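final_21.cif follows (mmCIF, C-alpha atoms and all ligand atoms):
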```cif
data_my_file
#
loop_
_atom_site.label_atom_id
_atom_site.label_comp_id
_atom_site.auth_asym_id
_atom_site.auth_seq_id
_atom_site.Cartn_x
_atom_site.Cartn_y
_atom_site.Cartn_z
CA MET D 1 -69.91 -241.54 -173.00
CA TYR D 2 -66.74 -243.56 -172.50
CA ALA D 3 -65.72 -244.34 -168.91
CA PHE D 4 -63.51 -242.01 -166.86
CA GLU D 5 -63.00 -241.10 -163.23
CA ILE D 6 -63.85 -237.76 -161.63
CA GLU D 7 -61.87 -236.37 -158.75
CA ARG D 8 -63.27 -233.55 -156.64
CA PRO D 9 -60.46 -231.84 -154.74
CA THR D 10 -61.25 -228.98 -152.36
CA THR D 11 -57.87 -227.24 -152.50
CA LEU D 12 -55.80 -225.92 -155.38
CA ASP D 13 -52.81 -227.99 -154.26
CA ALA D 14 -54.82 -231.19 -154.40
CA ALA D 15 -56.12 -230.23 -157.85
CA LYS D 16 -52.58 -229.52 -159.07
CA ALA D 17 -51.42 -232.91 -157.84
CA ALA D 18 -54.31 -234.69 -159.56
CA ILE D 19 -53.67 -232.81 -162.79
CA ALA D 20 -49.93 -233.48 -162.59
CA ALA D 21 -50.81 -237.17 -162.32
CA GLY D 22 -52.49 -236.94 -165.73
CA GLY D 23 -55.94 -235.54 -164.94
CA GLN D 24 -57.79 -233.03 -167.10
CA ALA D 25 -59.22 -229.98 -165.33
CA LEU D 26 -63.02 -229.73 -165.42
CA SER D 27 -64.42 -226.30 -164.63
CA GLY D 28 -68.08 -225.56 -165.43
CA GLY D 29 -68.10 -228.24 -168.12
CA GLN D 30 -70.32 -226.27 -170.49
CA THR D 31 -67.82 -226.83 -173.30
CA LEU D 32 -65.88 -229.80 -171.98
CA ILE D 33 -68.86 -232.10 -171.35
CA PRO D 34 -70.21 -231.74 -174.93
CA THR D 35 -66.61 -232.28 -176.11
CA LEU D 36 -66.38 -235.50 -174.11
CA LYS D 37 -69.74 -236.66 -175.44
CA ALA D 38 -68.41 -236.22 -178.96
CA ARG D 39 -65.18 -237.99 -177.95
CA LEU D 40 -63.15 -235.06 -179.16
CA ALA D 41 -61.25 -235.40 -175.90
CA MET D 42 -60.86 -238.64 -173.95
CA PRO D 43 -59.04 -238.05 -170.66
CA GLU D 44 -59.03 -240.92 -168.18
CA THR D 45 -59.50 -238.66 -165.19
CA LEU D 46 -61.32 -235.36 -164.80
CA VAL D 47 -60.41 -233.06 -161.94
CA SER D 48 -63.39 -230.91 -161.00
CA LEU D 49 -62.43 -227.42 -159.84
CA HIS D 50 -65.96 -226.73 -158.67
CA GLY D 51 -65.34 -227.55 -155.00
CA ILE D 52 -62.34 -225.24 -154.56
CA ALA D 53 -63.57 -222.21 -152.62
CA ASP D 54 -60.31 -220.29 -153.26
CA LEU D 55 -61.03 -220.32 -156.99
CA LYS D 56 -64.31 -218.42 -156.69
CA GLY D 57 -65.18 -214.81 -156.11
CA ILE D 58 -64.52 -211.28 -157.33
CA GLY D 59 -62.38 -208.61 -155.69
CA THR D 60 -60.38 -205.48 -156.45
CA ASP D 61 -56.60 -205.11 -156.19
CA GLY D 62 -54.44 -202.14 -155.17
CA ALA D 63 -54.26 -200.94 -158.77
CA GLY D 64 -58.06 -200.81 -158.99
CA ARG D 65 -58.27 -203.85 -161.23
CA ILE D 66 -61.28 -206.14 -160.99
CA CYS D 67 -59.98 -209.58 -160.05
CA VAL D 68 -62.16 -212.53 -160.97
CA LYS D 69 -61.16 -215.95 -159.65
CA GLY D 70 -60.89 -218.65 -162.29
CA ALA D 71 -63.86 -220.85 -161.33
CA THR D 72 -66.30 -217.93 -160.95
CA VAL D 73 -69.42 -218.51 -163.04
CA HIS D 74 -70.67 -216.02 -165.64
CA LYS D 75 -73.79 -215.25 -163.62
CA THR D 76 -71.72 -214.08 -160.65
CA VAL D 77 -69.60 -211.84 -162.90
CA ALA D 78 -72.77 -210.41 -164.44
CA ASP D 79 -74.30 -209.69 -161.04
CA GLU D 80 -71.27 -208.40 -159.20
CA THR D 81 -69.54 -206.15 -161.73
CA ALA D 82 -72.60 -204.22 -162.92
CA GLU D 83 -71.61 -201.04 -161.10
CA ARG D 84 -67.83 -201.24 -161.27
CA PHE D 85 -67.48 -202.31 -164.90
CA PRO D 86 -70.86 -202.39 -166.71
CA ALA D 87 -69.45 -203.56 -170.06
CA LEU D 88 -67.88 -206.64 -168.42
CA SER D 89 -71.14 -207.33 -166.57
CA TYR D 90 -73.10 -207.02 -169.80
CA LEU D 91 -70.73 -209.36 -171.64
CA ALA D 92 -71.06 -212.00 -168.92
CA SER D 93 -74.84 -211.58 -168.79
CA ARG D 94 -75.21 -212.46 -172.48
CA ILE D 95 -73.04 -215.60 -172.69
CA GLY D 96 -75.02 -218.70 -173.68
CA ASP D 97 -78.28 -218.83 -171.73
CA PRO D 98 -79.27 -218.59 -168.04
CA ALA D 99 -78.51 -222.25 -167.27
CA VAL D 100 -75.12 -222.11 -169.00
CA ARG D 101 -74.26 -218.92 -167.10
CA ASN D 102 -74.86 -220.70 -163.80
CA ARG D 103 -72.19 -223.31 -164.61
CA GLY D 104 -69.76 -221.90 -167.16
CA THR D 105 -66.65 -220.20 -165.74
CA ILE D 106 -64.29 -217.45 -166.84
CA GLY D 107 -61.24 -219.68 -166.41
CA GLY D 108 -62.78 -222.43 -168.49
CA SER D 109 -63.65 -220.00 -171.26
CA LEU D 110 -60.18 -218.47 -171.37
CA ALA D 111 -58.38 -221.82 -171.17
CA ASN D 112 -60.44 -223.16 -174.06
CA ASN D 113 -60.11 -219.96 -176.14
CA ASP D 114 -62.90 -220.78 -178.55
CA PRO D 115 -62.51 -218.41 -181.54
CA SER D 116 -66.09 -217.23 -180.92
CA ALA D 117 -66.06 -217.00 -177.12
CA CYS D 118 -66.94 -213.70 -175.43
CA TYR D 119 -64.40 -213.50 -172.57
CA PRO D 120 -61.29 -213.38 -174.79
CA ALA D 121 -62.58 -210.07 -176.20
CA VAL D 122 -62.78 -208.28 -172.85
CA ALA D 123 -59.51 -209.80 -171.64
CA LEU D 124 -57.61 -208.64 -174.72
CA ALA D 125 -59.32 -205.25 -175.02
CA THR D 126 -58.58 -204.31 -171.42
CA GLY D 127 -55.05 -205.72 -171.43
CA ALA D 128 -56.02 -208.06 -168.60
CA THR D 129 -53.57 -210.28 -166.76
CA ILE D 130 -54.30 -214.00 -166.73
CA CYS D 131 -52.91 -215.53 -163.55
CA THR D 132 -52.26 -219.25 -163.34
CA ASP D 133 -51.02 -221.64 -160.70
CA ARG D 134 -47.53 -220.95 -162.14
CA ARG D 135 -47.26 -217.36 -163.40
CA ASP D 136 -48.96 -214.19 -164.61
CA ILE D 137 -49.53 -213.83 -168.36
CA ALA D 138 -50.41 -210.60 -170.17
CA ALA D 139 -53.43 -210.96 -172.43
CA ASP D 140 -51.32 -209.77 -175.38
CA ASP D 141 -49.13 -212.86 -174.92
CA TYR D 142 -51.86 -215.24 -173.82
CA PHE D 143 -54.05 -215.64 -176.92
CA GLN D 144 -52.12 -217.52 -179.57
CA GLY D 145 -54.75 -218.62 -182.08
CA MET D 146 -57.88 -220.72 -182.36
CA PHE D 147 -58.17 -222.89 -179.22
CA THR D 148 -54.52 -222.07 -178.53
CA THR D 149 -53.14 -220.17 -175.55
CA ALA D 150 -49.88 -219.64 -173.72
CA LEU D 151 -50.97 -222.18 -171.11
CA ASP D 152 -48.74 -225.19 -170.66
CA GLU D 153 -50.10 -228.68 -170.24
CA GLY D 154 -52.06 -228.88 -166.99
CA GLU D 155 -51.72 -225.18 -166.14
CA ILE D 156 -54.79 -223.80 -164.33
CA VAL D 157 -56.22 -220.29 -164.75
CA THR D 158 -56.63 -219.13 -161.15
CA GLU D 159 -57.56 -215.46 -161.61
CA VAL D 160 -58.10 -212.79 -164.25
CA LYS D 161 -57.30 -209.15 -163.45
CA PHE D 162 -59.08 -206.53 -165.56
CA PRO D 163 -57.97 -202.88 -165.63
CA VAL D 164 -61.19 -200.84 -165.67
CA PRO D 165 -61.43 -198.52 -168.71
CA GLN D 166 -62.83 -194.97 -168.59
CA ALA D 167 -65.42 -196.03 -171.12
CA ALA D 168 -66.16 -199.37 -172.73
CA ALA D 169 -68.78 -201.37 -174.58
CA TYR D 170 -69.27 -204.87 -175.92
CA GLU D 171 -71.36 -205.32 -179.04
CA LYS D 172 -72.13 -208.78 -180.26
CA PHE D 173 -73.84 -209.95 -183.41
CA ILE D 174 -75.25 -213.23 -182.27
CA GLN D 175 -75.44 -216.47 -184.24
CA PRO D 176 -78.88 -217.44 -182.98
CA ALA D 177 -78.53 -221.22 -183.14
CA SER D 178 -75.30 -221.50 -181.17
CA ARG D 179 -75.73 -218.26 -179.19
CA PHE D 180 -72.04 -217.57 -179.78
CA PRO D 181 -71.07 -214.31 -181.46
CA LEU D 182 -70.83 -214.39 -185.21
CA VAL D 183 -68.71 -211.31 -184.65
CA ALA D 184 -68.38 -209.34 -181.42
CA VAL D 185 -66.28 -206.31 -180.56
CA PHE D 186 -65.07 -205.00 -177.21
CA VAL D 187 -63.92 -201.37 -177.24
CA ALA D 188 -62.07 -200.06 -174.19
CA ARG D 189 -60.98 -196.45 -173.79
CA PHE D 190 -58.14 -195.78 -171.35
CA ALA D 191 -56.37 -192.52 -170.49
CA ASP D 192 -53.44 -193.56 -172.69
CA GLY D 193 -55.39 -194.90 -175.68
CA VAL D 194 -58.15 -197.09 -177.03
CA ARG D 195 -58.02 -200.86 -177.44
CA VAL D 196 -60.32 -202.83 -179.74
CA ALA D 197 -60.59 -206.63 -179.57
CA ILE D 198 -62.67 -208.73 -181.95
CA THR D 199 -63.91 -212.27 -181.40
CA GLY D 200 -65.83 -214.65 -183.67
CA ALA D 201 -64.37 -213.25 -186.85
CA SER D 202 -60.84 -214.48 -187.36
CA GLU D 203 -59.35 -217.86 -188.14
CA SER D 204 -56.65 -216.98 -185.60
CA GLY D 205 -59.12 -216.37 -182.79
CA VAL D 206 -59.50 -213.10 -180.90
CA PHE D 207 -57.40 -210.23 -182.28
CA ARG D 208 -56.75 -206.52 -181.78
CA TRP D 209 -57.81 -204.26 -184.63
CA THR D 210 -54.87 -201.90 -184.39
CA ALA D 211 -55.90 -199.58 -187.25
CA ALA D 212 -59.16 -198.88 -185.44
CA GLU D 213 -57.32 -198.41 -182.16
CA GLU D 214 -55.12 -195.70 -183.69
CA ALA D 215 -58.06 -193.92 -185.30
CA LEU D 216 -60.13 -194.06 -182.11
CA THR D 217 -57.26 -192.92 -179.93
CA ALA D 218 -57.04 -189.82 -182.14
CA THR D 219 -60.83 -189.25 -182.27
CA PHE D 220 -63.18 -191.35 -180.16
CA SER D 221 -66.20 -191.31 -182.44
CA PRO D 222 -67.94 -193.93 -184.63
CA ASP D 223 -67.01 -191.91 -187.72
CA ALA D 224 -63.32 -192.38 -186.97
CA VAL D 225 -63.47 -195.98 -188.22
CA ALA D 226 -65.81 -195.28 -191.15
CA GLY D 227 -63.12 -195.65 -193.80
CA LEU D 228 -61.32 -198.61 -192.23
CA GLN D 229 -61.63 -202.20 -193.37
CA VAL D 230 -60.47 -205.44 -191.78
CA ASP D 231 -58.82 -207.63 -194.41
CA PRO D 232 -61.29 -210.45 -195.28
CA ASP D 233 -58.30 -212.71 -195.83
CA GLY D 234 -57.91 -214.67 -192.60
CA MET D 235 -61.51 -214.17 -191.53
CA ILE D 236 -63.70 -217.23 -190.91
CA GLY D 237 -65.91 -218.11 -193.86
CA ASP D 238 -68.64 -220.70 -193.28
CA LEU D 239 -72.35 -221.33 -193.85
CA HIS D 240 -73.21 -218.60 -191.35
CA GLY D 241 -71.30 -215.89 -193.19
CA THR D 242 -68.56 -215.31 -195.72
CA LYS D 243 -65.16 -213.85 -194.92
CA GLU D 244 -66.24 -210.56 -196.47
CA TYR D 245 -69.41 -210.50 -194.37
CA ARG D 246 -67.48 -211.03 -191.17
CA ALA D 247 -64.93 -208.38 -192.12
CA HIS D 248 -67.81 -205.98 -192.75
CA LEU D 249 -69.35 -206.83 -189.37
CA CYS D 250 -66.06 -206.02 -187.64
CA ASN D 251 -66.45 -202.45 -188.80
CA ILE D 252 -70.16 -202.19 -187.99
CA MET D 253 -69.88 -203.70 -184.52
CA THR D 254 -66.89 -201.49 -183.68
CA LYS D 255 -68.89 -198.42 -184.62
CA ARG D 256 -71.78 -199.54 -182.45
CA ALA D 257 -69.49 -200.26 -179.54
CA VAL D 258 -67.95 -196.78 -179.77
CA GLN D 259 -71.41 -195.27 -179.95
CA HIS D 260 -72.54 -197.12 -176.82
CA ALA D 261 -69.31 -196.87 -174.84
CA SER D 262 -69.91 -195.50 -171.37
CA MET J 1 -68.79 -243.33 -156.88
CA LYS J 2 -71.18 -242.73 -154.01
CA LEU J 3 -73.26 -239.61 -153.75
CA SER J 4 -75.96 -238.34 -151.46
CA LEU J 5 -78.18 -235.39 -152.14
CA ARG J 6 -81.68 -234.07 -151.61
CA VAL J 7 -84.09 -234.29 -154.51
CA ASN J 8 -87.42 -232.50 -154.18
CA GLY J 9 -86.96 -232.43 -150.43
CA ARG J 10 -86.18 -236.14 -150.10
CA ASP J 11 -82.77 -237.51 -149.11
CA VAL J 12 -81.42 -239.90 -151.70
CA THR J 13 -78.18 -241.78 -152.22
CA GLY J 14 -76.70 -243.31 -155.29
CA ASP J 15 -73.75 -245.15 -156.71
CA VAL J 16 -72.77 -243.85 -160.13
CA GLU J 17 -69.92 -243.86 -162.60
CA GLY J 18 -67.87 -240.74 -163.13
CA ARG J 19 -69.43 -240.30 -166.56
CA THR J 20 -73.04 -240.52 -165.30
CA LEU J 21 -74.83 -237.30 -166.16
CA LEU J 22 -77.17 -235.77 -163.61
CA VAL J 23 -80.09 -236.27 -165.99
CA ASP J 24 -79.34 -239.98 -166.31
CA PHE J 25 -79.11 -240.36 -162.53
CA LEU J 26 -82.48 -238.62 -162.12
CA ARG J 27 -84.20 -240.60 -164.85
CA ASN J 28 -82.58 -244.04 -164.63
CA ASP J 29 -81.65 -244.38 -160.97
CA LEU J 30 -84.36 -242.32 -159.29
CA ARG J 31 -86.98 -242.98 -162.00
CA LEU J 32 -87.82 -239.29 -162.09
CA THR J 33 -88.58 -239.28 -165.78
CA GLY J 34 -90.24 -235.88 -165.89
CA THR J 35 -86.86 -234.35 -166.70
CA HIS J 36 -86.44 -234.89 -170.43
CA VAL J 37 -83.51 -235.24 -172.81
CA GLY J 38 -84.25 -233.36 -176.00
CA CYS J 39 -80.81 -232.94 -177.49
CA ASP J 40 -78.08 -234.08 -175.10
CA THR J 41 -75.94 -231.29 -176.57
CA SER J 42 -76.83 -228.42 -174.19
CA GLN J 43 -79.11 -226.65 -176.64
CA CYS J 44 -82.74 -227.44 -175.88
CA GLY J 45 -83.24 -227.01 -172.13
CA ALA J 46 -85.70 -229.93 -171.80
CA CYS J 47 -83.40 -231.31 -169.08
CA THR J 48 -83.36 -228.12 -167.01
CA VAL J 49 -83.50 -228.58 -163.23
CA HIS J 50 -82.46 -226.51 -160.21
CA VAL J 51 -79.30 -227.39 -158.29
CA ASP J 52 -78.96 -225.45 -155.04
CA GLY J 53 -81.60 -223.09 -156.37
CA LYS J 54 -79.75 -222.46 -159.63
CA LEU J 55 -81.01 -223.33 -163.07
CA VAL J 56 -78.77 -225.90 -164.80
CA LYS J 57 -78.93 -228.22 -167.77
CA SER J 58 -78.77 -231.64 -166.17
CA CYS J 59 -77.41 -233.16 -169.40
CA THR J 60 -74.36 -230.92 -169.01
CA MET J 61 -73.41 -231.70 -165.42
CA PHE J 62 -72.11 -234.91 -163.90
CA ALA J 63 -74.18 -236.58 -161.20
CA VAL J 64 -71.27 -236.66 -158.74
CA GLU J 65 -71.04 -232.87 -158.96
CA ALA J 66 -74.49 -232.75 -157.36
CA ASP J 67 -73.18 -234.64 -154.32
CA GLY J 68 -74.42 -232.79 -151.25
CA ALA J 69 -76.67 -230.53 -153.30
CA GLU J 70 -80.35 -229.74 -153.18
CA VAL J 71 -81.95 -230.65 -156.52
CA ALA J 72 -85.43 -229.66 -157.65
CA THR J 73 -87.12 -231.29 -160.64
CA ILE J 74 -90.54 -230.96 -162.24
CA GLU J 75 -91.85 -233.77 -160.02
CA GLY J 76 -91.51 -231.43 -157.04
CA ALA J 77 -93.38 -228.54 -158.63
CA ALA J 78 -96.95 -229.55 -157.76
CA ALA J 79 -98.18 -229.86 -154.15
CA PRO J 80 -98.20 -233.39 -152.67
CA ASP J 81 -101.99 -233.56 -153.17
CA GLY J 82 -101.52 -232.92 -156.88
CA THR J 83 -102.50 -229.25 -156.90
CA LEU J 84 -100.51 -227.68 -159.71
CA SER J 85 -98.06 -224.88 -159.01
CA VAL J 86 -99.06 -221.40 -160.15
CA ILE J 87 -96.78 -221.74 -163.17
CA GLN J 88 -98.06 -225.20 -164.10
CA GLN J 89 -101.66 -224.01 -163.77
CA ALA J 90 -100.89 -221.02 -165.97
CA PHE J 91 -99.42 -223.32 -168.63
CA GLN J 92 -102.65 -225.31 -168.57
CA ASP J 93 -104.89 -222.24 -168.60
CA HIS J 94 -103.05 -220.57 -171.46
CA HIS J 95 -102.38 -223.70 -173.50
CA GLY J 96 -98.64 -223.32 -172.97
CA LEU J 97 -97.88 -226.79 -174.28
CA GLN J 98 -98.66 -228.96 -177.25
CA CYS J 99 -96.75 -232.25 -177.07
CA GLY J 100 -95.35 -231.30 -173.66
CA TYR J 101 -91.83 -232.50 -174.31
CA CYS J 102 -90.18 -229.16 -173.55
CA THR J 103 -92.61 -228.31 -170.75
CA PRO J 104 -90.70 -229.59 -167.69
CA GLY J 105 -87.72 -227.47 -168.72
CA MET J 106 -89.92 -224.49 -169.52
CA VAL J 107 -91.62 -224.68 -166.11
CA MET J 108 -88.33 -225.00 -164.23
CA THR J 109 -86.87 -222.10 -166.21
CA ALA J 110 -89.95 -219.97 -165.59
CA ALA J 111 -89.71 -220.71 -161.85
CA SER J 112 -86.10 -219.55 -161.86
CA LEU J 113 -86.97 -216.38 -163.78
CA LEU J 114 -89.83 -215.43 -161.48
CA ARG J 115 -87.68 -215.98 -158.42
CA GLU J 116 -85.03 -213.61 -159.79
CA ASN J 117 -87.45 -211.19 -161.39
CA PRO J 118 -91.05 -211.49 -160.11
CA LYS J 119 -92.52 -209.02 -162.63
CA PRO J 120 -90.63 -209.52 -165.88
CA THR J 121 -91.50 -207.76 -169.11
CA GLU J 122 -92.44 -209.81 -172.16
CA HIS J 123 -88.98 -209.13 -173.57
CA GLU J 124 -87.32 -210.35 -170.37
CA VAL J 125 -89.37 -213.55 -170.46
CA ARG J 126 -88.37 -214.22 -174.06
CA GLN J 127 -84.74 -213.49 -173.33
CA TYR J 128 -84.69 -215.77 -170.29
CA LEU J 129 -86.08 -218.59 -172.42
CA GLU J 130 -83.20 -218.34 -174.89
CA GLY J 131 -81.85 -221.73 -173.79
CA ASN J 132 -85.19 -223.53 -174.00
CA ILE J 133 -86.42 -224.76 -177.34
CA CYS J 134 -90.01 -225.81 -178.04
CA ARG J 135 -90.09 -228.13 -181.02
CA CYS J 136 -93.83 -227.45 -181.32
CA THR J 137 -92.91 -223.75 -181.47
CA GLY J 138 -95.68 -222.70 -179.10
CA TYR J 139 -93.68 -219.81 -177.72
CA HIS J 140 -96.46 -217.21 -177.62
CA ASN J 141 -98.56 -219.23 -175.21
CA ILE J 142 -95.55 -220.17 -173.10
CA VAL J 143 -94.72 -216.48 -172.72
CA LYS J 144 -98.36 -215.70 -171.98
CA ALA J 145 -98.48 -218.40 -169.32
CA ILE J 146 -95.35 -217.08 -167.61
CA MET J 147 -96.65 -213.52 -167.72
CA ALA J 148 -99.93 -214.71 -166.21
CA ALA J 149 -98.10 -216.70 -163.54
CA SER J 150 -96.32 -213.49 -162.56
CA GLY J 151 -99.73 -211.97 -161.89
CA GLN J 152 -99.51 -209.51 -164.75
CA GLU J 153 -102.21 -208.65 -167.21
CA MET J 154 -101.17 -209.76 -170.67
CA PRO J 155 -101.00 -206.79 -172.96
CA ALA J 156 -101.25 -207.55 -176.67
CA MET J 157 -98.08 -209.39 -177.60
CA ALA J 158 -95.48 -207.78 -179.74
CA ALA J 159 -95.62 -210.46 -182.44
CA GLU J 160 -99.40 -210.89 -182.61
S1 LIG G 301 -81.16 -232.34 -173.23
FE1 LIG G 301 -80.02 -230.97 -172.01
S2 LIG G 301 -80.11 -229.15 -173.16
FE2 LIG G 301 -81.17 -230.56 -174.44
S1 LIG G 302 -94.78 -228.41 -176.49
FE1 LIG G 302 -93.88 -229.80 -177.86
S2 LIG G 302 -91.80 -229.27 -177.67
FE2 LIG G 302 -92.74 -227.69 -176.63
#
```
Represent the supplied structure as structure tokens.
Amino acid sequence: MYAFEIERPTTLDAAKAAIAAGGQALSGGQTLIPTLKARLAMPETLVSLHGIADLKGIGTDGAGRICVKGATVHKTVADETAERFPALSYLASRIGDPAVRNRGTIGGSLANNDPSACYPAVALATGATICTDRRDIAADDYFQGMFTTALDEGEIVTEVKFPVPQAAAYEKFIQPASRFPLVAVFVARFADGVRVAITGASESGVFRWTAAEEALTATFSPDAVAGLQVDPDGMIGDLHGTKEYRAHLCNIMTKRAVQHAS
Amino acid sequence: MKLSLRVNGRDVTGDVEGRTLLVDFLRNDLRLTGTHVGCDTSQCGACTVHVDGKLVKSCTMFAVEADGAEVATIEGAAAPDGTLSVIQQAFQDHHGLQCGYCTPGMVMTAASLLRENPKPTEHEVRQYLEGNICRCTGYHNIVKAIMAASGQEMPAMAAE
């Protein structure tokens, strides 16, 4: 790897200062370190968020939302949300592998916004709020395309607030070599309607399947989406699956999620 | 950059560059070469060690991030007199290795699994090994060894 410095601040303010001075935030590093090895990014200074106690932990706010601090690792989310929000716990428990889940963080995943990452699906499907060191961003405004978010340069994801649905499920069709979803669907049923978010499938990253949302809001049953089709145009087509295949999987995985929603 | 940590119960210090990976510090500076690099791209798990009791891929963590931590590697698995750990002995008894390249990572991963879940099912063992690749593909005997190390009778395996 090329040479760079690593700073290890213990407060958010110190991290902000180091990032403002040109540093690149390093959270769990499970994506960033491979990226650095490949020289796809070459910052001169990394600012590790790992030592900032205020960026870790899970709580609940006055509105009953589950609030996960930005540098909380997947394993902690899996362990600590199992009773309050089982679908979120399940999603976190199936990211990568056990070693990756001990390092990778929710903030890192959302800041990177890989088109096949798991967390964007639950954030978008629940209408979560992504809080940064500067502002609060609604999930509907946050995801702006493959590896693209509303974050400004150097902005740090400090917390993610998830409204807890009445029923929800995450169904992922895994790409066994990478362990990322080939296509995965998060279905969340709230008192005022159903939201469906799909990751892995689209060239524009995570998206809401609004036709399915309308159908499922009217009738929450797998059959409700039977006749619906995601347009293959705009889906990812690669050696793992064609556009048509991914579009087909969107339908299948949505049905399964509805079937398993609890 | 200076760092000090405990490795297999021994206090060590080091002076590394920011870019030094934990695995390189273990292998090159401490000469603990039991931890292997199979891929360097976070896929294979040959480099798996424990940091503060947690399973991590040491090729995907910087050495300085282990400053102040307690690190356990395969060299610390056996007793000082050379008696193998229960898991290591089970790997030997059940022929859980061929070339042995993946084995340090497999043993460290198995130790982490059995600490979290002392009596796993065969399915749970296989799922927990999802980040560990055996190029010799000897998975059946690895799973058998881990089941045996957990003190469970090995029922006929699903894929046999
Ligand atoms: S060498 Fe670290 S995962 Fe393969
Ligand atoms: S025993 Fe050869 S790689 Fe696993």
Proximal residues of chain J relative to chain D (only C-alpha atoms; 7 Å) as a PyMOL selection string:
chain J and resi 18-19+41+54-57+60-61+128+130-131
Could you give me, as a PyMOL selection string, the residues that sit within 12 Å of (-85.6, -241.1, -163.7) in the file's coordinates, counting all atoms listed in the file?
chain J and resi 7+21-37+47+58+73-75
(message) Neighbouring residues of Glu153 (chain J) were defined as those with any atom within 12 Å, considering only C-alpha atoms; residues of the same chain fewer than 3 positions away were excluded. Please report them as a ChimeraX atom specification.
(response) /J:119-122,144-150,156-157
Exercise for the section: With all atoms listed in the file counted, which protein, DNA or RNA residues have an atom no more than 12 Å from (-96.3, -216.5, -169.5) in the file frame? Please answer as number ranges by chain. Expected result: J: 86-97, 106-107, 109-111, 113-114, 118-126, 128-129, 138-155, 157
Mind dumping a table of every chain J residue within 6 Å of ligand LIG 302 (chain G), with the nearest atom pair and its distance in Å to one decimal, using only C-alpha atoms and all ligand atoms, sorted by chain and rising number, as a tab-separated table?
```
residue	atom	partner	partner_atom	distance
J:Leu97	CA	G:LIG302	S1	4.1
J:Gln98	CA	G:LIG302	S1	4.0
J:Cys99	CA	G:LIG302	FE1	3.9
J:Gly100	CA	G:LIG302	S1	4.1
J:Tyr101	CA	G:LIG302	S2	4.7
J:Cys102	CA	G:LIG302	FE2	4.3
J:Thr103	CA	G:LIG302	FE2	5.9
J:Cys134	CA	G:LIG302	FE2	3.6
J:Arg135	CA	G:LIG302	S2	3.9
J:Cys136	CA	G:LIG302	FE1	4.2
```
Output as JSON the centre and edge lengths (Å, one decimal) of the box along x, y and z of the file that holds every listed atom of region 52-64 of chain J after adding 5 Å on each side.
```
{"center_x": -76.4, "center_y": -229.6, "center_z": -162.2, "size_x": 20.3, "size_y": 24.2, "size_z": 24.4}
```
Please provide the set of residues having any atom within 10 Å of Lys172 (chain D), restricted to only C-alpha atoms, with same-chain residues fewer than 2 positions apart removed, written as a list in words. Leu91, Arg94, Cys118, Ala169, Tyr170, Ile174, Gln175, Phe180, Pro181, Leu182, Val183, Ala184, Val185, Phe186, Ile198, Thr199, Gly200, Leu249, Cys250, Met253, Thr254, Arg256 and Ala257 of chain D
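CA of Pro115 (chain D) is positioned 24.6 Å from CA of Arg134 (chain D).
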message: For a test of reading the model, state the distance in Å between CA of Lys2 (chain J) and atom S1 of ligand LIG 301 (chain G), rounded to one decimal.
response: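 Interatomic distance here is 24.0 Å.
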- Task: Enter the distance from CA of Ala168 (chain D) to CA of Arg84 (chain D), in Å, rounded to one decimal.
- Result: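 Distance reported for this atom pair: 11.7 Å.
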